[in-house]
file work-v2.txt (compact mmCIF, C-alpha atoms)
# COMPACT_ATOMS: atom_id res chain seq x y z
CA MET A 1 16.45 -10.37 -14.47
CA THR A 2 13.00 -11.93 -14.16
CA ALA A 3 11.05 -10.66 -11.16
CA THR A 4 10.98 -7.32 -9.36
CA ILE A 5 9.17 -6.36 -6.17
CA VAL A 6 8.05 -2.80 -5.42
CA VAL A 7 7.35 -2.21 -1.74
CA GLY A 8 6.51 0.79 0.44
CA THR A 9 9.11 1.42 3.13
CA GLN A 10 7.29 3.73 5.55
CA TRP A 11 3.61 3.86 6.64
CA GLY A 12 2.16 3.91 3.17
CA ASP A 13 1.22 6.77 0.86
CA GLU A 14 4.80 6.95 -0.43
CA GLY A 15 3.68 7.39 -4.02
CA LYS A 16 4.22 3.75 -5.00
CA GLY A 17 1.78 4.02 -7.89
CA LYS A 18 3.91 6.43 -9.87
CA PHE A 19 7.14 4.44 -9.71
CA THR A 20 5.36 1.12 -10.06
CA ASP A 21 3.86 2.57 -13.22
CA LEU A 22 7.32 3.73 -14.35
CA ILE A 23 9.02 0.39 -13.68
CA ALA A 24 6.07 -1.44 -15.24
CA LYS A 25 7.04 -0.15 -18.69
CA GLU A 26 9.75 -2.82 -18.73
CA MET A 27 7.39 -5.60 -17.63
CA THR A 28 4.88 -7.94 -19.24
CA MET A 29 2.94 -8.68 -16.04
CA VAL A 30 2.18 -6.69 -12.87
CA VAL A 31 0.91 -8.64 -9.86
CA ARG A 32 -0.75 -7.18 -6.78
CA TYR A 33 0.04 -9.55 -3.91
CA GLN A 34 -1.80 -8.40 -0.73
CA GLY A 35 -4.16 -5.87 0.81
CA GLY A 36 -7.50 -4.75 -0.51
CA HIS A 37 -9.28 -1.58 -1.58
CA ASN A 38 -7.97 0.18 1.54
CA ALA A 39 -4.83 0.94 -0.51
CA GLY A 40 -5.42 3.72 -2.98
CA HIS A 41 -2.85 5.34 -5.23
CA THR A 42 -3.06 7.98 -7.91
CA LEU A 43 -1.31 8.13 -11.27
CA VAL A 44 -1.16 11.29 -13.37
CA VAL A 45 -0.85 10.62 -17.11
CA ASP A 46 -0.89 13.54 -19.55
CA GLY A 47 -2.56 15.65 -16.90
CA GLU A 48 -5.32 13.11 -16.23
CA SER A 49 -5.55 11.44 -12.82
CA PHE A 50 -6.25 7.73 -12.39
CA ALA A 51 -7.16 6.71 -8.82
CA LEU A 52 -6.60 2.97 -8.40
CA GLN A 53 -7.58 0.82 -5.45
CA LEU A 54 -7.50 -2.84 -6.51
CA VAL A 55 -6.45 -2.88 -10.15
CA PRO A 56 -2.63 -3.11 -10.51
CA SER A 57 -0.82 -0.05 -11.85
CA GLY A 58 0.24 -1.84 -15.03
CA VAL A 59 -3.31 -1.73 -16.40
CA LEU A 60 -2.46 1.59 -18.09
CA TYR A 61 -0.05 -0.20 -20.47
CA ASP A 62 -1.50 -2.20 -23.35
CA HIS A 63 1.33 -4.76 -23.26
CA ILE A 64 0.89 -5.70 -19.60
CA VAL A 65 -1.29 -8.38 -18.01
CA PRO A 66 -2.46 -6.98 -14.65
CA VAL A 67 -2.99 -9.68 -12.02
CA ILE A 68 -4.65 -9.64 -8.59
CA GLY A 69 -3.01 -12.44 -6.62
CA ASN A 70 -4.33 -14.89 -4.06
CA GLY A 71 -3.06 -12.78 -1.14
CA VAL A 72 -5.44 -9.91 -1.93
CA VAL A 73 -8.90 -9.62 -0.37
CA VAL A 74 -11.37 -8.47 -2.99
CA ASP A 75 -14.63 -6.58 -2.77
CA PRO A 76 -15.99 -7.59 -6.20
CA VAL A 77 -18.48 -4.72 -6.26
CA VAL A 78 -15.67 -2.21 -5.77
CA LEU A 79 -13.49 -3.99 -8.31
CA LEU A 80 -16.18 -3.90 -11.01
CA ALA A 81 -16.88 -0.22 -10.30
CA GLU A 82 -13.17 0.57 -10.62
CA MET A 83 -12.98 -1.34 -13.90
CA ASP A 84 -16.00 0.61 -15.18
CA LYS A 85 -14.34 3.94 -14.34
CA LEU A 86 -11.13 2.91 -16.10
CA THR A 87 -13.07 1.70 -19.14
CA ALA A 88 -14.89 5.03 -19.30
CA LYS A 89 -11.48 6.72 -19.51
CA GLY A 90 -10.43 4.50 -22.39
CA VAL A 91 -8.41 1.96 -20.39
CA ASP A 92 -8.73 -1.67 -21.51
CA CYS A 93 -9.48 -3.89 -18.50
CA SER A 94 -10.10 -7.08 -20.47
CA ARG A 95 -6.59 -8.37 -19.67
CA LEU A 96 -7.14 -8.21 -15.91
CA ARG A 97 -6.92 -11.56 -14.13
CA VAL A 98 -7.95 -12.25 -10.52
CA SER A 99 -6.94 -15.26 -8.47
CA GLY A 100 -9.72 -17.71 -7.75
CA ASN A 101 -8.08 -18.16 -4.34
CA ALA A 102 -8.52 -14.50 -3.37
CA HIS A 103 -10.93 -14.06 -0.48
CA VAL A 104 -14.11 -12.04 -0.90
CA ILE A 105 -15.11 -9.01 1.20
CA PHE A 106 -18.84 -9.02 1.92
CA PRO A 107 -21.09 -6.34 3.45
CA TYR A 108 -21.03 -8.11 6.82
CA HIS A 109 -17.25 -7.71 6.93
CA GLN A 110 -17.62 -3.95 6.44
CA GLU A 111 -20.36 -3.71 9.07
CA LEU A 112 -18.21 -5.57 11.60
CA ASP A 113 -15.22 -3.40 10.75
CA ARG A 114 -17.22 -0.25 11.55
CA LEU A 115 -18.71 -1.66 14.75
CA ILE A 116 -15.43 -3.04 16.11
CA GLU A 117 -13.64 0.25 15.46
CA ARG A 118 -16.43 2.20 17.18
CA HIS A 119 -16.42 -0.23 20.10
CA LEU A 120 -12.67 0.31 20.65
CA GLY A 121 -13.30 4.01 21.29
CA LYS A 122 -10.11 5.89 22.13
CA ASN A 123 -8.14 2.71 21.45
CA LYS A 124 -9.36 2.50 17.86
CA LEU A 125 -6.87 1.36 15.24
CA GLY A 126 -7.76 3.89 12.57
CA THR A 127 -8.90 1.35 9.97
CA THR A 128 -10.50 2.43 6.70
CA LYS A 129 -13.62 0.45 7.67
CA ARG A 130 -13.55 -1.33 4.30
CA GLY A 131 -13.86 -4.82 5.83
CA ILE A 132 -10.23 -5.77 5.21
CA GLY A 133 -9.36 -6.98 8.72
CA PRO A 134 -12.52 -9.06 9.26
CA THR A 135 -12.01 -10.72 5.86
CA TYR A 136 -8.43 -11.70 6.67
CA ALA A 137 -9.69 -12.90 10.08
CA ASP A 138 -12.17 -15.20 8.35
CA LYS A 139 -9.40 -16.43 6.07
CA ALA A 140 -7.23 -17.34 9.07
CA ALA A 141 -10.21 -18.94 10.83
CA ARG A 142 -10.85 -21.00 7.65
CA VAL A 143 -14.41 -19.80 7.24
CA GLY A 144 -13.66 -17.34 4.43
CA ILE A 145 -15.27 -17.46 1.00
CA ARG A 146 -13.03 -17.30 -2.05
CA LEU A 147 -13.81 -16.05 -5.53
CA GLN A 148 -13.71 -19.59 -6.89
CA ASP A 149 -16.55 -20.53 -4.50
CA MET A 150 -18.79 -18.07 -6.30
CA LEU A 151 -18.37 -20.05 -9.53
CA ASP A 152 -20.26 -22.99 -7.98
CA PRO A 153 -23.69 -21.68 -6.86
CA LYS A 154 -24.44 -24.67 -4.63
CA ILE A 155 -21.15 -24.46 -2.74
CA PHE A 156 -21.39 -20.69 -2.58
CA ARG A 157 -24.87 -20.75 -1.02
CA GLU A 158 -23.91 -23.43 1.50
CA LYS A 159 -20.79 -21.62 2.65
CA LEU A 160 -22.52 -18.26 2.80
CA ARG A 161 -25.37 -19.62 4.93
CA VAL A 162 -22.93 -21.04 7.47
CA VAL A 163 -20.80 -17.92 7.81
CA VAL A 164 -23.73 -15.46 7.75
CA ALA A 165 -25.46 -17.37 10.57
CA GLU A 166 -22.34 -16.96 12.69
CA LYS A 167 -21.94 -13.26 11.81
CA ASN A 168 -25.62 -12.55 12.52
CA LEU A 169 -25.28 -14.08 15.96
CA MET A 170 -22.29 -11.85 16.65
CA LEU A 171 -24.07 -8.76 15.35
CA ALA A 172 -27.15 -9.43 17.46
CA LYS A 173 -25.59 -10.59 20.73
CA ILE A 174 -22.59 -8.25 20.89
CA TYR A 175 -23.59 -5.17 18.94
CA ASN A 176 -27.41 -5.29 19.02
CA ARG A 177 -27.58 -4.98 15.25
CA LEU A 178 -29.72 -6.63 12.61
CA GLY A 179 -28.04 -9.30 10.53
CA PHE A 180 -27.92 -10.24 6.85
CA ASP A 181 -29.97 -12.60 4.68
CA ALA A 182 -27.61 -15.21 3.22
CA ASP A 183 -29.88 -16.16 0.34
CA GLU A 184 -30.44 -12.53 -0.59
CA LEU A 185 -26.69 -11.94 -0.63
CA ALA A 186 -26.13 -15.07 -2.71
CA ASP A 187 -28.79 -14.06 -5.23
CA ARG A 188 -27.32 -10.58 -5.61
CA TYR A 189 -23.75 -11.76 -6.15
CA LEU A 190 -24.69 -14.62 -8.45
CA GLU A 191 -26.84 -12.33 -10.61
CA GLU A 192 -24.87 -9.07 -10.58
CA VAL A 193 -21.23 -9.98 -9.88
CA VAL A 194 -20.40 -13.47 -11.12
CA PRO A 195 -21.42 -13.04 -14.79
CA ARG A 196 -19.19 -9.98 -15.15
CA LEU A 197 -16.26 -11.23 -13.08
CA ARG A 198 -16.16 -14.85 -14.31
CA PRO A 199 -13.99 -14.12 -17.41
CA HIS A 200 -11.34 -12.51 -15.18
CA ILE A 201 -11.06 -15.27 -12.53
CA ALA A 202 -8.08 -17.52 -13.18
CA ASP A 203 -5.30 -19.72 -11.80
CA THR A 204 -2.94 -16.80 -11.33
CA VAL A 205 -0.14 -18.93 -9.88
CA ALA A 206 0.05 -20.75 -13.20
CA LEU A 207 -0.06 -17.47 -15.12
CA VAL A 208 2.80 -15.99 -13.11
CA HIS A 209 5.00 -19.09 -13.45
CA GLU A 210 4.32 -19.39 -17.16
CA ALA A 211 5.49 -15.80 -17.57
CA ILE A 212 8.62 -16.36 -15.49
CA GLU A 213 9.46 -19.63 -17.26
CA ALA A 214 9.11 -17.84 -20.60
CA GLY A 215 11.70 -15.29 -19.48
CA GLN A 216 9.19 -12.46 -19.26
CA GLN A 217 9.54 -9.62 -16.79
CA VAL A 218 7.14 -9.77 -13.82
CA LEU A 219 6.57 -7.00 -11.32
CA PHE A 220 5.08 -7.70 -7.88
CA GLU A 221 3.26 -4.71 -6.46
CA GLY A 222 2.76 -4.35 -2.72
CA ALA A 223 0.04 -2.24 -1.11
CA GLN A 224 0.31 -0.35 2.19
CA ALA A 225 3.91 -0.49 3.44
CA THR A 226 6.59 -2.09 5.60
CA PHE A 227 5.56 -0.55 8.92
CA LEU A 228 1.94 -1.49 8.38
CA ASP A 229 2.95 -5.16 8.09
CA ILE A 230 1.05 -7.30 10.58
CA ASP A 231 4.26 -9.00 11.75
CA HIS A 232 6.90 -6.31 11.33
CA GLY A 233 4.93 -3.07 11.61
CA THR A 234 3.93 -0.91 14.55
CA TYR A 235 1.42 -3.46 15.85
CA PRO A 236 -1.52 -3.19 16.51
CA PHE A 237 -1.66 -0.07 14.31
CA VAL A 238 -1.07 -2.09 11.18
CA THR A 239 -2.90 -3.71 8.30
CA SER A 240 -3.99 -7.36 8.31
CA SER A 241 -1.53 -8.72 5.74
CA ASN A 242 2.20 -8.78 4.92
CA PRO A 243 3.17 -5.85 2.64
CA VAL A 244 6.90 -6.60 3.05
CA ALA A 245 8.74 -8.02 0.04
CA GLY A 246 8.50 -11.56 1.39
CA GLY A 247 4.73 -11.26 1.21
CA ALA A 248 4.97 -11.38 -2.57
CA CYS A 249 6.06 -15.01 -2.42
CA VAL A 250 3.00 -16.07 -0.42
CA GLY A 251 0.53 -13.63 -1.95
CA ALA A 252 1.41 -14.49 -5.55
CA GLY A 253 2.64 -18.08 -5.24
CA VAL A 254 6.32 -17.76 -6.18
CA GLY A 255 9.51 -18.83 -4.45
CA PRO A 256 12.23 -16.32 -3.44
CA ARG A 257 14.65 -17.82 -5.97
CA HIS A 258 12.83 -15.94 -8.72
CA ILE A 259 13.18 -12.48 -7.16
CA ASP A 260 16.07 -10.47 -8.59
CA ARG A 261 15.33 -6.89 -7.58
CA VAL A 262 13.55 -5.22 -4.66
CA VAL A 263 12.75 -1.53 -5.03
CA GLY A 264 11.78 0.31 -1.87
CA ILE A 265 9.57 3.37 -2.35
CA ALA A 266 10.16 6.12 0.20
CA LYS A 267 8.83 9.64 0.47
CA ALA A 268 11.37 12.47 0.98
CA TYR A 269 9.59 13.03 4.30
CA VAL A 270 7.25 10.73 6.25
CA THR A 271 3.47 10.58 6.58
CA ARG A 272 1.06 8.40 8.46
CA VAL A 273 -2.73 7.96 8.55
CA GLY A 274 -4.55 6.78 11.65
CA SER A 275 -3.22 5.96 15.09
CA GLY A 276 0.18 4.73 16.24
CA PRO A 277 3.65 6.00 17.14
CA PHE A 278 5.40 8.49 14.86
CA PRO A 279 8.68 9.87 16.31
CA THR A 280 9.28 12.60 13.71
CA GLU A 281 5.69 13.83 13.54
CA LEU A 282 5.44 17.62 13.32
CA PHE A 283 2.80 19.64 15.12
CA ASP A 284 4.03 23.02 13.93
CA ALA A 285 3.95 25.21 10.82
CA ASP A 286 6.40 22.88 9.03
CA GLY A 287 4.02 19.97 9.47
CA ASP A 288 1.11 22.02 8.13
CA LYS A 289 3.26 23.16 5.22
CA LEU A 290 4.19 19.59 4.27
CA ARG A 291 0.54 18.56 4.39
CA ASP A 292 -0.67 21.51 2.32
CA ILE A 293 2.04 21.48 -0.35
CA GLY A 294 2.12 17.69 -0.55
CA ARG A 295 -1.68 17.42 -0.60
CA GLU A 296 -1.42 14.83 2.10
CA TYR A 297 -4.96 13.55 2.27
CA GLY A 298 -5.98 9.92 1.79
CA THR A 299 -6.82 8.83 -1.78
CA ASN A 300 -9.64 6.63 -0.51
CA THR A 301 -10.76 8.29 2.72
CA GLY A 302 -9.78 11.95 2.35
CA ARG A 303 -8.35 11.83 5.87
CA PRO A 304 -5.53 14.32 6.57
CA ARG A 305 -2.18 12.58 6.96
CA ARG A 306 0.19 13.17 9.84
CA CYS A 307 3.47 14.60 8.54
CA GLY A 308 7.09 14.55 9.73
CA TRP A 309 10.72 14.61 8.68
CA PHE A 310 12.54 11.68 7.04
CA ASP A 311 13.35 8.91 9.52
CA VAL A 312 16.65 7.08 8.85
CA PRO A 313 16.34 4.38 11.58
CA MET A 314 13.00 3.36 10.08
CA MET A 315 14.54 3.15 6.63
CA ARG A 316 17.47 1.06 7.90
CA GLN A 317 14.92 -1.40 9.29
CA ALA A 318 13.00 -1.38 6.00
CA VAL A 319 16.24 -2.22 4.16
CA ARG A 320 16.72 -5.23 6.43
CA LEU A 321 13.15 -6.49 6.30
CA ASN A 322 12.83 -6.25 2.52
CA SER A 323 16.43 -6.90 1.37
CA LEU A 324 16.17 -3.68 -0.64
CA SER A 325 18.45 -3.43 -3.64
CA GLU A 326 17.57 0.23 -4.28
CA ILE A 327 15.34 3.10 -3.21
CA ALA A 328 13.03 5.27 -5.30
CA LEU A 329 12.44 8.55 -3.47
CA THR A 330 9.21 10.41 -4.15
CA LYS A 331 8.03 13.97 -3.61
CA LEU A 332 11.42 15.64 -3.26
CA ASP A 333 9.81 18.72 -4.83
CA ILE A 334 7.54 19.17 -1.79
CA LEU A 335 10.64 20.37 0.12
CA ASP A 336 11.46 23.03 -2.50
CA THR A 337 10.47 26.03 -0.38
CA PHE A 338 12.00 25.03 2.96
CA ASP A 339 14.98 27.06 4.23
CA THR A 340 16.35 23.99 5.98
CA VAL A 341 15.47 20.31 5.87
CA LYS A 342 15.80 17.99 8.85
CA VAL A 343 16.63 14.28 8.86
CA CYS A 344 16.20 12.02 11.89
CA VAL A 345 19.44 10.01 12.13
CA ALA A 346 18.87 8.37 15.52
CA TYR A 347 16.57 8.34 18.54
CA ASP A 348 17.07 9.39 22.12
CA ILE A 349 15.44 6.68 24.23
CA GLY A 350 15.84 7.22 27.95
CA GLY A 351 19.03 9.21 27.43
CA GLU A 352 20.60 6.59 25.14
CA ARG A 353 21.33 7.18 21.43
CA VAL A 354 19.70 4.43 19.36
CA GLU A 355 20.40 4.24 15.61
CA HIS A 356 18.09 1.35 14.72
CA LEU A 357 14.39 0.87 15.21
CA PRO A 358 13.79 -0.46 18.75
CA TYR A 359 11.98 -3.78 18.83
CA HIS A 360 9.93 -2.94 21.94
CA GLN A 361 6.85 -0.83 21.32
CA SER A 362 7.22 1.14 24.56
CA ASP A 363 10.69 2.25 23.50
CA PHE A 364 9.43 3.29 20.09
CA HIS A 365 6.58 5.28 21.62
CA ALA A 366 9.13 7.06 23.84
CA ALA A 367 11.67 7.70 21.05
CA VAL A 368 12.73 11.33 20.60
CA PRO A 369 14.26 12.09 17.18
CA ILE A 370 17.86 13.25 16.91
CA TYR A 371 18.13 15.46 13.85
CA GLU A 372 20.74 16.53 11.36
CA GLU A 373 19.82 19.79 9.66
CA LEU A 374 20.69 20.41 6.03
CA PRO A 375 20.30 23.57 3.92
CA GLY A 376 17.28 23.74 1.63
CA TRP A 377 17.61 24.39 -2.09
CA LYS A 378 14.85 27.02 -2.43
CA GLN A 379 14.33 26.15 -6.07
CA ASP A 380 11.55 24.57 -8.13
CA LEU A 381 12.59 21.03 -9.13
CA SER A 382 9.52 20.17 -11.19
CA ALA A 383 11.13 20.70 -14.62
CA PHE A 384 14.36 18.80 -13.90
CA THR A 385 14.93 15.41 -15.52
CA GLN A 386 18.70 14.94 -15.03
CA ARG A 387 20.82 14.64 -11.91
CA ALA A 388 23.16 17.44 -13.00
CA GLN A 389 20.22 19.86 -13.06
CA LEU A 390 19.44 19.36 -9.38
CA PRO A 391 20.70 22.12 -7.07
CA ALA A 392 23.81 21.19 -5.06
CA GLU A 393 21.77 21.28 -1.83
CA ALA A 394 19.23 18.81 -3.20
CA GLN A 395 22.00 16.46 -4.35
CA ARG A 396 23.62 16.75 -0.93
CA TYR A 397 20.33 15.81 0.74
CA LEU A 398 19.99 12.70 -1.43
CA GLU A 399 23.64 11.71 -0.96
CA PHE A 400 23.24 12.16 2.79
CA LEU A 401 20.25 9.79 2.82
CA GLU A 402 22.14 7.22 0.73
CA ALA A 403 25.11 7.30 3.11
CA GLN A 404 22.88 7.00 6.17
CA VAL A 405 20.75 4.14 4.83
CA GLY A 406 23.41 2.24 2.87
CA VAL A 407 21.31 1.64 -0.26
CA PRO A 408 21.51 3.62 -3.51
CA ILE A 409 18.72 6.02 -4.47
CA THR A 410 18.12 5.30 -8.14
CA LEU A 411 14.99 7.34 -8.93
CA VAL A 412 13.82 10.65 -7.53
CA GLY A 413 10.34 12.11 -7.99
CA THR A 414 10.24 15.82 -8.81
CA GLY A 415 6.49 16.21 -9.40
CA PRO A 416 3.23 14.23 -9.68
CA GLY A 417 3.40 13.67 -13.44
CA ARG A 418 4.40 10.38 -15.02
CA ASP A 419 7.59 11.90 -16.49
CA GLN A 420 8.59 14.07 -13.54
CA PHE A 421 11.53 12.12 -12.16
CA VAL A 422 15.31 12.02 -12.19
CA HIS A 423 17.65 9.04 -12.53
CA PHE A 424 19.98 9.65 -9.58
CA SER A 425 22.23 6.57 -9.40
call {"tool": "encode", "arguments": {"input": "work-v2.txt", "output": "structure tokens"}}
result
Amino acid sequence: MTATIVVGTQWGDEGKGKFTDLIAKEMTMVVRYQGGHNAGHTLVVDGESFALQLVPSGVLYDHIVPVIGNGVVVDPVVLLAEMDKLTAKGVDCSRLRVSGNAHVIFPYHQELDRLIERHLGKNKLGTTKRGIGPTYADKAARVGIRLQDMLDPKIFREKLRVVVAEKNLMLAKIYNRLGFDADELADRYLEEVVPRLRPHIADTVALVHEAIEAGQQVLFEGAQATFLDIDHGTYPFVTSSNPVAGGACVGAGVGPRHIDRVVGIAKAYVTRVGSGPFPTELFDADGDKLRDIGREYGTNTGRPRRCGWFDVPMMRQAVRLNSLSEIALTKLDILDTFDTVKVCVAYDIGGERVEHLPYHQSDFHAAVPIYEELPGWKQDLSAFTQRAQLPAEAQRYLEFLEAQVGVPITLVGTGPGRDQFVHFS
């Protein structure tokens, strides 16, 4: 086995960081392949929390080379600040490598993100306003600036002047806003960012292939999740990249032949941030309870997450889209105090039972969940580390999900700590 992909299977916030960190112990390299600093995750190690945005989870292991691939959009100011925070906590960031082909997020991207979202009004997408979408838009329009451009001051200044002139025109004519000074931006980044980031910028495609060819274990870490994928998610309420497993090939520069294992991370219930359809969303005391016990607030934004019961049709689609070989289920312990636990096994759409995710958005918006209700276990799972210790009701819940989805659940989270998990299959 050479390469493993870890991918979120719902709308993000599944707790990918914890299990990526766990799986990373076996690896020599962890590669982030898409997204930006809109994707936060928290790791708890010996009672200390580490909130990561851009730096791959594997940075906490001394034997791992953490890599930010070409598919990621990078705000270098945020990246350096995150590295400083980790260094202050005793984490060595010197091994971090960032693709020279990664596109750079600039202040004008963030300003446009805020203005566009405000302009959409009630039709807003619920973005994090971090400039992610506008940066990917520039990349697709072939006017983006990559990290490698910053290593050549002349090229960097020329490219920045061209793109800033276009952005300033947009800001003035459409939004009645002041623009940016290209030379001032160039000076700031060349003086404050480039000297510190230069040692970390590399040909990451070569690094990844050298590791694979040497028989080393490489882990590809996705941000966001399957149903935030720009092609396969609940468009337009999605991110601007491809979080699905196939995105690792493009975002890190590897072919699918090298991928041996795809681990889908799923929460024992479902959450979502921002706008968009959510068939199992709860608007009652159970939804409030899930949010409060699960501390369902965004790592980056602090926004409260929408909460609902586990959705099997969504997971079946995630299995298809990612070719999942296994599932790691997080936050089972959040259900500890519920008398009963519901699972959506199908949808009622216009009086018809539908067991797979409908392709048409209008049908998905109209989907009414059909539930199976299982008994709760009413027991604290946080100290359990073996399958046999789990209450019969908890085991039944997990076995029910496995049977419905058709993929084994191999790991189960029983608490936020690094060692709070159970090997289930």
call {"tool": "closest_residue", "arguments": {"input": "work-v2.txt", "among": "A:Gln420, A:Thr280, A:Ser323, A:Gln389", "to": "Val407 in chain A", "atoms": "all atoms listed in the file"}}
result
A:Ser323
call {"tool": "atom_distance", "arguments": {"input": "work-v2.txt", "atom1": "CA of Ala140 in chain A", "atom2": "CA of Leu185 in chain A"}}
result
22.4 Å
call {"tool": "residues_around", "arguments": {"input": "work-v2.txt", "residues": "Tyr347 in chain A", "least_positions_apart": "4", "cutoff": "10 Å", "atoms": "all atoms listed in the file", "output": "PyMOL selection string"}}
result
chain A and resi 279-280+311-313+351-358+363-364+366-371
call {"tool": "atom_distance", "arguments": {"input": "work-v2.txt", "atom1": "CA of Ile68 in chain A", "atom2": "CA of Arg97 in chain A"}}
result
6.3 Å
call {"tool": "residues_around", "arguments": {"input": "work-v2.txt", "residues": "Val72 in chain A", "least_positions_apart": "2", "cutoff": "6 Å", "atoms": "all atoms listed in the file", "output": "number ranges by chain"}}
result
A: 33-36, 69-70, 102
call {"tool": "build_atoms", "arguments": {"input": "work-v2.txt", "residues": "range 155-161 of chain A", "atoms": "all heavy atoms", "output": "compact mmCIF listing (two decimals), in the coordinates of the input"}}
result
# COMPACT_ATOMS: atom_id res chain seq x y z
N ILE A 155 -22.18 -24.61 -3.78
CA ILE A 155 -21.15 -24.46 -2.74
C ILE A 155 -21.20 -23.06 -2.15
O ILE A 155 -21.10 -22.87 -0.93
CB ILE A 155 -19.75 -24.75 -3.33
CG1 ILE A 155 -19.59 -26.25 -3.58
CG2 ILE A 155 -18.64 -24.24 -2.41
CD1 ILE A 155 -18.28 -26.63 -4.21
N PHE A 156 -21.37 -22.07 -3.02
CA PHE A 156 -21.39 -20.69 -2.58
C PHE A 156 -22.53 -20.46 -1.58
O PHE A 156 -22.34 -19.88 -0.50
CB PHE A 156 -21.54 -19.77 -3.79
CG PHE A 156 -21.61 -18.29 -3.46
CD1 PHE A 156 -20.70 -17.70 -2.60
CD2 PHE A 156 -22.60 -17.50 -4.03
CE1 PHE A 156 -20.77 -16.35 -2.31
CE2 PHE A 156 -22.68 -16.14 -3.76
CZ PHE A 156 -21.77 -15.57 -2.89
N ARG A 157 -23.72 -20.94 -1.92
CA ARG A 157 -24.87 -20.75 -1.02
C ARG A 157 -24.64 -21.45 0.32
O ARG A 157 -24.96 -20.90 1.38
CB ARG A 157 -26.15 -21.26 -1.68
CG ARG A 157 -26.65 -20.38 -2.81
CD ARG A 157 -27.98 -20.88 -3.35
NE ARG A 157 -28.43 -20.10 -4.49
CZ ARG A 157 -29.05 -18.93 -4.40
NH1 ARG A 157 -29.31 -18.42 -3.19
NH2 ARG A 157 -29.44 -18.27 -5.49
N GLU A 158 -24.12 -22.67 0.26
CA GLU A 158 -23.91 -23.43 1.50
C GLU A 158 -22.92 -22.72 2.42
O GLU A 158 -23.15 -22.58 3.63
CB GLU A 158 -23.41 -24.84 1.17
CG GLU A 158 -24.48 -25.74 0.56
CD GLU A 158 -23.93 -27.11 0.16
OE1 GLU A 158 -22.70 -27.32 0.32
OE2 GLU A 158 -24.72 -27.95 -0.31
N LYS A 159 -21.81 -22.29 1.84
CA LYS A 159 -20.79 -21.62 2.65
C LYS A 159 -21.29 -20.30 3.19
O LYS A 159 -21.03 -19.94 4.34
CB LYS A 159 -19.51 -21.41 1.82
CG LYS A 159 -18.76 -22.69 1.54
CD LYS A 159 -17.39 -22.40 0.93
CE LYS A 159 -16.58 -23.68 0.80
NZ LYS A 159 -15.19 -23.41 0.32
N LEU A 160 -22.02 -19.56 2.38
CA LEU A 160 -22.52 -18.26 2.80
C LEU A 160 -23.53 -18.41 3.93
O LEU A 160 -23.53 -17.61 4.89
CB LEU A 160 -23.13 -17.54 1.60
CG LEU A 160 -23.31 -16.01 1.71
CD1 LEU A 160 -21.99 -15.32 2.02
CD2 LEU A 160 -23.90 -15.46 0.42
N ARG A 161 -24.39 -19.41 3.86
CA ARG A 161 -25.37 -19.62 4.93
C ARG A 161 -24.70 -19.90 6.26
O ARG A 161 -25.11 -19.38 7.31
CB ARG A 161 -26.31 -20.78 4.56
CG ARG A 161 -27.35 -20.42 3.51
CD ARG A 161 -28.05 -21.65 2.99
NE ARG A 161 -29.00 -21.32 1.91
CZ ARG A 161 -29.42 -22.17 1.00
NH1 ARG A 161 -28.97 -23.44 1.01
NH2 ARG A 161 -30.28 -21.79 0.07
